[in-house]
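Structure data follow from target13.cif (mmCIF, C-alpha atoms):
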data_work
loop_
_atom_site.label_atom_id
_atom_site.label_comp_id
_atom_site.auth_asym_id
_atom_site.auth_seq_id
_atom_site.Cartn_x
_atom_site.Cartn_y
_atom_site.Cartn_z
CA MET J 147 6.52 -14.20 -1.79
CA LYS J 148 9.65 -12.06 -1.47
CA LYS J 149 11.28 -12.50 1.95
CA ASP J 150 11.40 -8.82 2.89
CA PHE J 151 7.70 -8.39 2.09
CA LYS J 152 6.67 -11.57 3.90
CA GLU J 153 8.46 -10.48 7.06
CA LYS J 154 6.20 -7.42 7.31
CA PHE J 155 3.07 -9.51 7.92
CA PRO J 156 1.74 -9.90 11.47
CA GLN J 157 3.36 -12.84 13.23
CA TRP J 158 0.07 -14.64 13.92
CA VAL J 159 -0.27 -15.68 10.26
CA PHE J 160 2.74 -17.98 10.68
CA GLU J 161 1.76 -19.44 14.07
CA ASP J 162 -0.24 -22.54 14.91
CA ALA J 163 -3.40 -21.86 16.89
CA ASP J 164 -6.88 -23.31 17.39
CA LEU J 165 -8.88 -20.71 15.48
CA THR J 166 -12.05 -20.63 13.39
CA VAL J 167 -12.81 -18.81 10.13
CA CYS J 168 -15.36 -16.11 9.42
CA MET J 169 -16.17 -16.19 5.72
CA SER J 170 -17.93 -13.53 3.65
CA ASP J 171 -20.24 -13.88 0.66
CA ASP J 172 -18.10 -14.37 -2.43
CA ILE J 173 -15.61 -16.66 -4.19
CA ASP J 174 -12.62 -14.69 -2.91
CA SER J 175 -13.49 -15.47 0.71
CA LEU J 176 -14.48 -19.07 -0.07
CA VAL J 177 -11.20 -19.84 -1.85
CA GLY J 178 -9.32 -18.14 0.99
CA ALA J 179 -11.20 -20.24 3.55
CA THR J 180 -10.38 -23.36 1.53
CA ILE J 181 -6.67 -22.52 1.64
CA LEU J 182 -6.79 -21.88 5.39
CA LYS J 183 -8.47 -25.23 5.96
CA GLN J 184 -5.74 -26.90 3.90
CA VAL J 185 -2.81 -25.03 5.49
CA LYS J 186 -4.02 -24.40 9.05
CA GLY J 187 -6.87 -26.85 9.60
CA TRP J 188 -9.23 -23.98 10.45
CA GLU J 189 -12.92 -24.55 9.71
CA VAL J 190 -15.58 -22.02 8.72
CA GLU J 191 -17.80 -21.52 11.76
CA HIS J 192 -19.04 -17.99 10.97
CA PHE J 193 -20.55 -16.26 7.93
CA TYR J 194 -20.77 -12.50 7.40
CA ASP J 195 -22.81 -11.02 4.54
CA PHE J 196 -22.30 -7.37 5.61
CA HIS J 197 -25.85 -7.26 6.98
CA ASN J 198 -25.78 -10.17 9.43
CA LEU J 199 -23.25 -12.31 11.26
CA TYR J 200 -24.12 -16.02 11.54
CA SER J 201 -22.45 -18.75 13.60
CA THR J 202 -22.70 -22.54 13.75
CA ASN J 203 -22.31 -22.53 17.53
CA LYS J 204 -22.77 -19.35 19.58
CA ASN J 205 -21.05 -21.03 22.53
CA ASP J 206 -17.80 -21.64 20.65
CA LYS J 207 -15.26 -19.49 22.50
CA ARG J 208 -12.45 -19.85 19.95
CA LYS J 209 -11.28 -16.68 18.21
CA ALA J 210 -12.32 -16.21 14.59
CA VAL J 211 -10.16 -15.04 11.70
CA GLY J 212 -11.80 -12.99 8.96
CA VAL J 213 -11.18 -13.74 5.28
CA ASP J 214 -11.65 -10.87 2.83
CA ILE J 215 -13.24 -8.76 5.59
CA ALA J 216 -11.94 -5.32 6.61
CA LEU J 217 -12.45 -5.81 10.34
CA VAL J 218 -11.92 -2.84 12.64
CA ASN J 219 -10.43 -5.14 15.29
CA GLY J 220 -9.03 -8.65 15.36
CA LYS J 221 -7.28 -11.04 13.04
CA THR J 222 -8.20 -10.95 9.37
CA TYR J 223 -6.76 -11.56 5.90
CA ASP J 224 -7.82 -8.65 3.73
CA ASN J 225 -7.16 -6.66 0.59
CA HIS J 226 -9.14 -3.44 1.11
CA VAL J 227 -7.86 0.09 1.64
CA THR J 228 -8.87 0.99 5.20
CA MET J 229 -6.57 3.88 6.14
CA LEU J 230 -8.28 7.25 5.67
CA SER J 231 -4.97 9.11 5.86
CA SER J 232 -1.28 8.29 5.99
CA THR J 233 -1.26 9.07 9.72
CA SER J 234 -4.31 6.94 10.60
CA GLN J 235 -3.94 3.95 12.92
CA PRO J 236 -5.14 0.81 11.10
CA ASN J 237 -5.99 -2.62 12.48
CA ILE J 238 -2.45 -3.89 13.07
CA MET J 239 -3.74 -7.47 13.23
CA SER J 240 -4.89 -7.29 9.63
CA ALA J 241 -2.81 -9.33 7.17
CA ASN J 242 -3.43 -6.81 4.44
CA PRO J 243 -0.82 -5.57 1.93
CA ASN J 244 -2.40 -2.12 1.97
CA VAL J 245 -2.05 -1.88 5.75
CA ILE J 246 1.47 -3.31 5.70
CA GLU J 247 2.68 -0.86 3.04
CA LYS J 248 0.63 2.06 4.43
CA VAL J 249 -1.61 2.60 1.43
CA SER J 250 -4.29 5.10 2.38
CA ARG J 251 -6.75 7.54 0.84
CA ASP J 252 -3.75 9.82 0.33
CA ASN J 253 -2.04 7.40 -2.11
CA TYR J 254 -5.10 5.38 -3.07
CA THR J 255 -4.01 4.61 -6.64
CA SER J 256 -0.96 2.73 -5.31
CA LYS J 257 -3.24 0.15 -3.70
CA PHE J 258 -3.04 -3.63 -3.79
CA ALA J 259 -6.12 -4.20 -5.96
CA MET J 260 -6.10 -7.99 -6.21
CA SER J 261 -7.81 -10.79 -4.35
CA THR J 262 -7.32 -12.03 -0.83
CA ALA J 263 -7.18 -15.53 -2.36
CA LEU J 264 -4.15 -14.54 -4.47
CA LEU J 265 -2.53 -13.09 -1.35
CA LEU J 266 -2.99 -16.40 0.48
CA TYR J 267 -1.55 -18.35 -2.47
CA ALA J 268 1.59 -16.22 -2.18
CA LEU J 269 1.77 -16.06 1.61
CA TYR J 270 1.51 -19.84 2.08
CA ASP J 271 3.35 -20.91 -1.11
CA ILE J 272 0.33 -22.65 -2.63
CA PRO J 273 1.27 -23.95 -6.10
CA LEU J 274 -0.36 -22.00 -8.92
CA PRO J 275 -2.90 -23.91 -11.03
CA SER J 276 -1.13 -26.02 -13.64
CA THR J 277 -3.43 -25.12 -16.55
CA GLU J 278 -3.88 -21.85 -18.41
CA ASP J 279 -7.60 -21.75 -17.59
CA GLY J 280 -6.80 -22.38 -13.94
CA LYS J 281 -4.48 -19.39 -13.85
CA LEU J 282 -7.09 -17.28 -15.65
CA MET J 283 -9.66 -18.26 -13.02
CA LEU J 284 -7.33 -17.37 -10.15
CA MET J 285 -6.61 -13.93 -11.60
CA ALA J 286 -10.33 -13.47 -12.34
CA ILE J 287 -11.19 -13.66 -8.62
CA ASP J 288 -12.09 -10.18 -7.40
CA SER J 289 -11.08 -8.96 -10.90
CA SER J 290 -7.40 -9.09 -9.94
CA TYR J 291 -6.48 -8.70 -13.62
CA LEU J 292 -8.23 -5.35 -14.06
CA GLY J 293 -5.41 -2.97 -13.12
CA PHE J 294 -3.13 -4.47 -15.79
CA TYR J 295 -5.52 -3.37 -18.56
CA LYS J 296 -7.00 -0.22 -16.99
CA GLY J 297 -4.05 2.12 -16.51
CA PHE J 298 -2.42 0.59 -13.43
CA LYS J 299 -0.13 -1.96 -15.08
CA LYS J 300 3.05 -0.86 -13.28
CA VAL J 301 1.34 -0.72 -9.88
CA GLN J 302 -0.16 -4.17 -10.33
CA CYS J 303 3.06 -5.72 -11.66
CA ASP J 304 5.06 -4.26 -8.75
CA TRP J 305 2.68 -5.98 -6.31
CA LEU J 306 2.87 -9.27 -8.24
CA GLU J 307 6.67 -9.12 -8.11
CA LYS J 308 6.58 -8.59 -4.33
CA MET J 309 4.37 -11.65 -4.10
CA GLY J 310 6.73 -13.71 -6.22
CA MET J 311 4.04 -14.14 -8.86
CA GLU J 312 5.82 -13.04 -12.01
CA GLU J 313 4.06 -15.90 -13.82
CA MET J 314 0.79 -13.97 -13.46
CA ILE J 315 2.39 -10.98 -15.21
CA ARG J 316 3.31 -13.25 -18.12
CA LEU J 317 -0.23 -14.70 -18.09
CA GLN J 318 -1.70 -11.24 -18.58
CA GLU J 319 0.77 -10.50 -21.36
CA ARG J 320 -0.55 -13.59 -23.17
CA HIS J 321 -4.22 -12.69 -22.77
CA GLY J 322 -6.71 -9.90 -23.23
CA LEU J 323 -9.12 -8.63 -20.61
CA MET J 324 -12.07 -10.51 -22.09
CA ASP J 325 -10.38 -13.89 -21.50
CA PHE J 326 -10.73 -13.29 -17.78
CA VAL J 327 -14.29 -12.02 -18.13
CA GLU J 328 -15.19 -15.14 -20.09
CA VAL J 329 -13.86 -17.58 -17.49
CA LYS J 330 -15.84 -15.74 -14.80
CA ARG J 331 -18.99 -15.95 -16.92
CA ARG J 332 -18.49 -19.62 -17.73
CA PHE J 333 -18.39 -20.66 -14.07
CA GLY J 334 -20.56 -17.96 -12.51
CA SER J 335 -17.75 -17.02 -10.15
CA SER J 336 -19.14 -13.52 -9.57
CA ASP J 337 -22.34 -14.94 -8.04
CA LYS J 338 -22.87 -14.46 -4.32
CA ILE J 339 -23.07 -16.94 -1.45
CA ILE J 340 -26.32 -16.60 0.49
CA MET J 341 -27.87 -17.99 3.66
CA ASN J 342 -31.11 -19.82 2.89
CA GLU J 343 -34.17 -20.06 5.14
CA ASP J 344 -32.86 -23.27 6.70
CA GLY J 345 -29.63 -21.60 7.84
CA VAL J 346 -27.53 -23.35 5.20
CA LEU J 347 -25.17 -21.63 2.75
CA GLU J 348 -25.87 -21.94 -0.96
CA THR J 349 -24.66 -20.47 -4.24
CA THR J 350 -25.23 -20.71 -7.99
CA MET J 351 -21.47 -20.71 -8.67
CA GLN J 352 -20.19 -23.87 -10.37
CA LEU J 353 -17.94 -24.85 -7.49
CA GLU J 354 -16.94 -28.23 -8.92
CA GLY J 355 -15.67 -26.62 -12.10
CA ILE J 356 -13.87 -23.87 -10.18
CA SER J 357 -12.33 -26.50 -7.89
CA ASN J 358 -11.02 -28.43 -10.88
CA LEU J 359 -9.45 -25.31 -12.39
CA LEU J 360 -7.82 -24.13 -9.16
CA GLU J 361 -6.93 -27.69 -8.10
CA LEU J 362 -8.47 -27.09 -4.67
CA ASP J 363 -11.29 -28.86 -2.84
CA ILE J 364 -13.71 -25.91 -2.75
CA GLN J 365 -16.91 -26.70 -0.89
CA LEU J 366 -19.42 -24.66 1.04
CA PRO J 367 -19.75 -25.57 4.72
CA THR J 368 -22.67 -27.94 5.23
CA LYS J 369 -23.38 -27.03 8.85
CA GLU J 370 -26.46 -25.06 9.84
CA PHE J 371 -25.90 -21.46 10.95
CA GLU J 372 -27.93 -19.24 13.26
CA ILE J 373 -27.99 -15.47 13.29
CA ARG J 374 -25.70 -13.93 15.87
CA LYS J 375 -25.76 -10.20 15.17
CA GLN J 376 -27.47 -7.78 12.78
CA PHE J 377 -25.81 -4.72 11.26
CA THR J 378 -26.68 -1.60 9.31
CA ARG J 379 -24.87 -1.17 5.98
CA THR J 380 -24.21 2.40 4.99
CA SER J 381 -21.87 4.53 2.92
CA TYR J 382 -20.25 7.85 3.71
CA ASP J 383 -19.25 10.42 1.11
CA LEU J 384 -15.80 11.89 1.72
CA LYS J 385 -15.34 15.47 0.59
CA GLN J 386 -12.55 16.18 -1.84
CA GLY J 387 -9.86 18.26 -0.16
CA SER J 388 -11.03 17.32 3.35
CA SER J 389 -9.01 15.17 5.76
CA TYR J 390 -10.38 12.22 7.71
CA ASP J 391 -9.04 9.93 10.39
CA ASN J 392 -9.84 6.31 11.24
CA GLY J 393 -10.13 7.09 14.94
CA MET J 394 -12.76 9.77 14.28
CA ILE J 395 -14.84 7.38 12.17
CA GLU J 396 -14.58 4.56 14.69
CA ILE J 397 -15.58 6.73 17.66
CA HIS J 398 -18.46 8.40 15.86
CA TYR J 399 -19.94 5.43 13.98
CA ASP J 400 -18.75 2.30 15.87
CA PRO J 401 -18.31 0.18 12.71
CA PHE J 402 -17.73 -3.59 12.67
CA SER J 403 -15.96 -3.32 9.31
CA TYR J 404 -15.29 -0.59 6.78
CA ALA J 405 -13.28 0.09 3.65
CA LEU J 406 -12.75 2.71 1.00
CA THR J 407 -14.38 1.85 -2.32
CA GLY J 408 -12.95 4.99 -3.91
CA LYS J 409 -11.15 8.13 -2.74
CA GLN J 410 -14.51 9.77 -1.98
CA LYS J 411 -16.55 6.79 -0.74
CA LEU J 412 -16.41 4.84 2.52
CA GLN J 413 -18.53 1.69 2.94
CA MET J 414 -19.33 0.78 6.54
CA THR J 415 -21.15 -1.93 8.46
CA LEU J 416 -22.37 -0.42 11.74
CA MET J 417 -23.03 -2.27 14.99
#
Can you turn what I pasted into structure tokens?
Amino acid sequence: MKKDFKEKFPQWVFEDADLTVCMSDDIDSLVGATILKQVKGWEVEHFYDFHNLYSTNKNDKRKAVGVDIALVNGKTYDNHVTMLSSTSQPNIMSANPNVIEKVSRDNYTSKFAMSTALLLYALYDIPLPSTEDGKLMLMAIDSSYLGFYKGFKKVQCDWLEKMGMEEMIRLQERHGLMDFVEVKRRFGSSDKIIMNEDGVLETTMQLEGISNLLELDIQLPTKEFEIRKQFTRTSYDLKQGSSYDNGMIEIHYDPFSYALTGKQKLQMTLM
């Protein structure tokens, strides 16, 4: 990652602390959690599926760090657009390129539209996979490749250059969009992670194959979880030409997490 970009991240991402990880329900969060375990020694003790929050031990007082979760408050690694306007106050503890570079609804098409996993590779200097298929898999997470082929090539390449990942630009120049789609299909990497009736996480993704490609030890936590809090998932339509502010949304709706999924759509999880 380029030095001037790296220096903009919140200081806590470079500090040693006794923290836990709150993971969400997809491969992006799982790979991110795997990297944090490798780099920081932090274990997954919480799971958030945008409807419920689960914990392995409700009495654990350690702070949790979100991975691929647009938390309103607290530490998190994230890739979503959360600022409703250029003047909105975001979560300043979020290690999120879109927060750091002030990408909002106002300049939505300039967004960092790649995975949190890719961000963590760059932030912590994790070596890229050594094989072509491994690199394809990494760029397939959260469809990081999509902007290159769908009209946002310059925006995406500018972000990759900031991250020091020019190799991923060359990868996309060597391949077509369907090569990334195929590697996702082959390993089921778009499948979700769910909590079963016994309080144990499970998935139909081929984690062993994905681990081999990414050269990481990707495993689901084996501990049992218990439900900690329930939420209501909702979406809010934003009117074209109207202005909105994060503070207004947070006071009125009291969300746990929220993110823009388009210039006119806000997804929220309400407490």
With all atoms of region 348-367 of chain J from the file as input, state the centre and edge lengths in Å to one decimal of the axis-aligned box that has 3 Å extra on each side, as AutoDock Vina command-line options.
--center_x -16.4 --center_y -24.7 --center_z -3.8 --size_x 24.9 --size_y 14.4 --size_z 23.1
Within 12 Å of Asn205 (chain J), counting all atoms listed in the file, which residues qualify if same-chain residues fewer than 2 places away don't, as a short mmCIF file (atom, residue, chain, number, x, y, z; two decimals) with C-alpha atoms, in the coordinates of the input?
data_model
loop_
_atom_site.label_atom_id
_atom_site.label_comp_id
_atom_site.auth_asym_id
_atom_site.auth_seq_id
_atom_site.Cartn_x
_atom_site.Cartn_y
_atom_site.Cartn_z
CA GLU J 191 -17.80 -21.52 11.76
CA SER J 201 -22.45 -18.75 13.60
CA THR J 202 -22.70 -22.54 13.75
CA ASN J 203 -22.31 -22.53 17.53
CA LYS J 207 -15.26 -19.49 22.50
CA ARG J 208 -12.45 -19.85 19.95
CA LYS J 209 -11.28 -16.68 18.21
CA GLU J 372 -27.93 -19.24 13.26
CA ARG J 374 -25.70 -13.93 15.87
#
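Closest approach to Ser389 (chain J) from the set J:Gln157, J:Gln410, J:Thr255, J:Ser403 is made by J:Gln410, with distances taken over only C-alpha atoms.
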Could you list, as a PDB file with C-alpha atoms, keeping the file's coordinate frame, every residue matched by the PyMOL selection byres ((chain J and resi 362) around 12) in this structure?
ATOM      1  CA  LEU J 176     -14.480 -19.070  -0.070  1.00  0.00           C
ATOM      2  CA  VAL J 177     -11.200 -19.840  -1.850  1.00  0.00           C
ATOM      3  CA  GLY J 178      -9.320 -18.140   0.990  1.00  0.00           C
ATOM      4  CA  ALA J 179     -11.200 -20.240   3.550  1.00  0.00           C
ATOM      5  CA  THR J 180     -10.380 -23.360   1.530  1.00  0.00           C
ATOM      6  CA  ILE J 181      -6.670 -22.520   1.640  1.00  0.00           C
ATOM      7  CA  LEU J 182      -6.790 -21.880   5.390  1.00  0.00           C
ATOM      8  CA  LYS J 183      -8.470 -25.230   5.960  1.00  0.00           C
ATOM      9  CA  GLN J 184      -5.740 -26.900   3.900  1.00  0.00           C
ATOM     10  CA  VAL J 185      -2.810 -25.030   5.490  1.00  0.00           C
ATOM     11  CA  ALA J 263      -7.180 -15.530  -2.360  1.00  0.00           C
ATOM     12  CA  TYR J 267      -1.550 -18.350  -2.470  1.00  0.00           C
ATOM     13  CA  ILE J 272       0.330 -22.650  -2.630  1.00  0.00           C
ATOM     14  CA  PRO J 273       1.270 -23.950  -6.100  1.00  0.00           C
ATOM     15  CA  LEU J 274      -0.360 -22.000  -8.920  1.00  0.00           C
ATOM     16  CA  PRO J 275      -2.900 -23.910 -11.030  1.00  0.00           C
ATOM     17  CA  SER J 276      -1.130 -26.020 -13.640  1.00  0.00           C
ATOM     18  CA  GLY J 280      -6.800 -22.380 -13.940  1.00  0.00           C
ATOM     19  CA  LEU J 284      -7.330 -17.370 -10.150  1.00  0.00           C
ATOM     20  CA  LEU J 353     -17.940 -24.850  -7.490  1.00  0.00           C
ATOM     21  CA  GLU J 354     -16.940 -28.230  -8.920  1.00  0.00           C
ATOM     22  CA  GLY J 355     -15.670 -26.620 -12.100  1.00  0.00           C
ATOM     23  CA  ILE J 356     -13.870 -23.870 -10.180  1.00  0.00           C
ATOM     24  CA  SER J 357     -12.330 -26.500  -7.890  1.00  0.00           C
ATOM     25  CA  ASN J 358     -11.020 -28.430 -10.880  1.00  0.00           C
ATOM     26  CA  LEU J 359      -9.450 -25.310 -12.390  1.00  0.00           C
ATOM     27  CA  LEU J 360      -7.820 -24.130  -9.160  1.00  0.00           C
ATOM     28  CA  GLU J 361      -6.930 -27.690  -8.100  1.00  0.00           C
ATOM     29  CA  ASP J 363     -11.290 -28.860  -2.840  1.00  0.00           C
ATOM     30  CA  ILE J 364     -13.710 -25.910  -2.750  1.00  0.00           C
ATOM     31  CA  GLN J 365     -16.910 -26.700  -0.890  1.00  0.00           C
TER      32      GLN J 365
END
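Among the candidate residues J:Val211, J:Leu406, J:Glu328, J:Met314, the one lying nearest to Asn244 (chain J) is J:Leu406, with distances computed using all atoms listed in the file.
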>> Can you spell out as a ChimeraX atom specification the set of residues that the PyMOL selection byres ((chain J and resi 310) around 10) selects in the structure I just provided?
In response: /J:147-149,151,268-269,271,304-309,311-314
